[in-house]
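**Q** What follows is a single structure, and I will ask about it in a moment.
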Amino acid sequence: MGTRNHKDDLAEERAAYAEIGRIVGIPFSTPNVCEWSASQVEKVIPFDMIVITQLDLEHNSFEIKYTFGMDVDGMDPGSTRTLENSVVAKVADASRAIRTDQYVDAGSAAKSLDEAGLLSRIATPLIANDQVVGTLHVTSKEPNAYGELEFARLEIVGNQMAGAIASAIQLQAAKDRASQLESLYDVAAILAQPLSFEDKAQQIVNALASIIGADYVVLRKVDKEEKNLTLVASGGFGSMEFRQVIDLSDSNILDRTAYLEGQAILINDY
C-alpha cells in the first residue's frame, strides 16, 4: 500500500497539464495566471525558482514579468533588461527547451541566478502565432537536476502558457491605444480653450510627455530672423533646466536646416 507506480505518475502529470490549461484560459491578470500555473509546474518539474519574461522586440528588451519560488537580488518583476547578448535572447532564438546554466556571462539576469546558487537552469521560448512572446525559465540548486524528460515537460507547459502571455500583450496594447487616443482628445481640447499661446504650449507639452512616455519634452520656437531658438515650454518627470535661447549660428548645433524646416532628427549628442 502507498507505493507509487508509473501509472500514478503519468496520471498526476496529465492532471497538472489539464489544470494549467484551465488556468491559462481564465481571464484574470497575468500574475495570477503565472502563479497558479507555477504551482502546477512544481508537480511535474522540481524547481527552486521559476522566471517568466516578456519580450519587446521593438525596443530590443525584455521584462521580467513574474518570478516564483526563491527571492533573488536583481530579479524583480517589472524590471526591464536589454535583450542583446542576454540569456533570454539565446532562449528566444531556440526552437525548443535548452540548458541555460552554461550561459553564465549572458547578461545580468544569468549572473544573478548563478550567484544565487541556482546551478541547474533550463528554459523554453513561449511561442504564440509563430512569434516568440516571452521565455519560461526553471531553475534548481541541485546540480544536473534536469534531463530530457524535464525538457519535454517544460516545452508542454511553455506551449500552454504562451497563449496567455500573448493575450496579455494584446490586452495591454489595446489599453495603451485607448489611453493615447484619450490623451490626443485632451490635446484637442487644450487647443480649443481661450488660453495664451504659452499656457496652451505648456499644457500640450505635459500631455505629450504622458502620451509618449518621455522623460522630457521641450518645445522651442525660432525667431523672425531665424537666428535663435527660444524655449517656450518644457515638461516631464523631475526637474531639469534647459537653455532659454539656442544660437542657431553656434557650430555645435547639429543641423540648423533641420530645425528651420521642421525635419525630425536625432540629437543624442546635443
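Chain labels follow the order of the C-alpha cells: the first chain is A, the next B, and so on; residue numbering restarts at 1 in every chain, and ligands are counted from 1 in their shown order.
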For Asp93 in chain A, work out the shell of residues within 10 Å, counting only C-alpha atoms and skipping chain neighbours fewer than 6 positions away, then give it as a count of residues only.

**A** 4

**Q** With DSSP run on the backbone, what are the strand (DSSP E) residues within range 26-163 of chain A? I'd like them as a PyMOL selection string.

**A** chain A and resi 49-56+61-69+80-82+98-99+120-128+131-140

**Q** What are the closest atom pairs, with distances in Å to one decimal, for each residue of range 95-128 of chain A lying within 9 Å of range 73-84 of chain A, using only C-alpha atoms, rows by chain and rising residue number, as a Markdown table?

**A**
```
| residue | atom | partner | partner_atom | distance |
| --- | --- | --- | --- | --- |
| A:Gly107 | CA | A:Thr82 | CA | 8.3 |
| A:Ser108 | CA | A:Gly74 | CA | 8.1 |
| A:Ala109 | CA | A:Met75 | CA | 6.8 |
| A:Ser112 | CA | A:Gly74 | CA | 6.5 |
| A:Leu113 | CA | A:Met75 | CA | 8.4 |
| A:Ala116 | CA | A:Asp73 | CA | 8.2 |
```

**Q** Keeping C-alpha atoms, export the residues of the selection given above as an mmCIF file, in the first residue's frame.

**A**
```
data_model
loop_
_atom_site.group_PDB
_atom_site.id
_atom_site.type_symbol
_atom_site.label_atom_id
_atom_site.label_comp_id
_atom_site.auth_asym_id
_atom_site.auth_seq_id
_atom_site.Cartn_x
_atom_site.Cartn_y
_atom_site.Cartn_z
ATOM 1 C CA GLY A 107 23.575 39.295 -19.161
ATOM 2 C CA SER A 108 22.803 40.435 -15.630
ATOM 3 C CA ALA A 109 19.851 38.068 -15.171
ATOM 4 C CA SER A 112 22.097 36.937 -10.680
ATOM 5 C CA LEU A 113 20.800 33.368 -10.922
ATOM 6 C CA ALA A 116 22.222 32.756 -6.051
#
```

**Q** Per DSSP on the backbone, what are the alpha helix (DSSP H) residues of range 23-262 of chain A, as a count of residues only?

**A** 100

**Q** Measure the distance from CA of Gly147 in chain A to CA of Lys43 in chain A in Å and round it to one decimal.

**A**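 Taking CA of Gly147 in chain A and CA of Lys43 in chain A, their separation equals 15.9 Å.
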
**Q** Closest to Gly236 in chain A among A:Leu118, A:Ala214, A:Leu219, A:Ile64, using only C-alpha atoms?

**A**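 Of A:Leu118, A:Ala214, A:Leu219, A:Ile64, the one nearest Gly236 in chain A is A:Ala214, counting only C-alpha atoms.
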
**Q** Which value, in Å to one decimal, gives the distance between CA of Phe197 in chain A and CA of Arg220 in chain A?

**A** 12.4 Å

**Q** Which residues are near Ala123 in chain A? Cut-off 8 Å, only C-alpha atoms, ignore same chain within fewer than 3 positions. Put them as a short mmCIF file (atom, residue, chain, number, x, y, z; two decimals) with C-alpha atoms, in the first residue's frame.

**A**
```cif
data_model
loop_
_atom_site.label_atom_id
_atom_site.label_comp_id
_atom_site.auth_asym_id
_atom_site.auth_seq_id
_atom_site.Cartn_x
_atom_site.Cartn_y
_atom_site.Cartn_z
CA VAL A 91 16.31 31.07 -25.43
CA ALA A 97 13.82 23.98 -24.45
CA ILE A 98 17.56 24.38 -23.82
CA ARG A 99 20.02 24.39 -20.95
CA THR A 100 20.88 27.92 -19.83
CA THR A 135 10.57 32.87 -22.21
CA LEU A 136 9.96 30.44 -19.34
CA HIS A 137 12.89 29.53 -17.06
CA VAL A 138 13.04 26.77 -14.45
CA LEU A 154 8.83 22.28 -19.92
#
```

**Q** So that I can see what lies close to range 200-211 of chain A, please list as a ChimeraX atom specification the residues with an atom at most 6 Å from it, counting only C-alpha atoms and leaving out residues fewer than 4 positions away in the same chain.

**A** /A:180,187,217,233,235-236

**Q** Give me the residues near Pro46 in chain A as a PyMOL selection string, where near means some atom within 10 Å (using only C-alpha atoms) and where sequence neighbours in that chain fewer than 2 positions away do not count.

**A** chain A and resi 41-44+48-49+138-140+142+145-146+150

**Q** Let's have the selection written as a PDB file, in the first residue's frame, with C-alpha atoms.

**A**
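Result file is out-v8.pdb:
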```
ATOM      1  CA  VAL A  41       4.549  23.030 -12.873  1.00  0.00           C
ATOM      2  CA  GLU A  42       6.070  22.124  -9.499  1.00  0.00           C
ATOM      3  CA  LYS A  43       4.171  18.829  -9.637  1.00  0.00           C
ATOM      4  CA  VAL A  44       5.970  17.712 -12.820  1.00  0.00           C
ATOM      5  CA  ASP A  48      13.651  26.352  -6.645  1.00  0.00           C
ATOM      6  CA  MET A  49      12.657  29.284  -8.852  1.00  0.00           C
ATOM      7  CA  VAL A 138      13.039  26.771 -14.446  1.00  0.00           C
ATOM      8  CA  THR A 139      15.987  26.654 -12.062  1.00  0.00           C
ATOM      9  CA  SER A 140      17.238  24.433  -9.254  1.00  0.00           C
ATOM     10  CA  GLU A 142      20.634  20.787  -7.357  1.00  0.00           C
ATOM     11  CA  ALA A 145      18.735  18.318 -11.920  1.00  0.00           C
ATOM     12  CA  TYR A 146      17.220  18.224 -15.384  1.00  0.00           C
ATOM     13  CA  GLU A 150      12.099  17.728 -17.856  1.00  0.00           C
TER      14      GLU A 150
END
```

**Q** Please provide the set of residues having any atom within 10 Å of Asp105 in chain A, restricted to only C-alpha atoms, with same-chain residues fewer than 6 positions apart removed, written as a list of chain:residue names.

**A** A:Asn85, A:Ser86, A:Val87, A:Lys111, A:Asp114
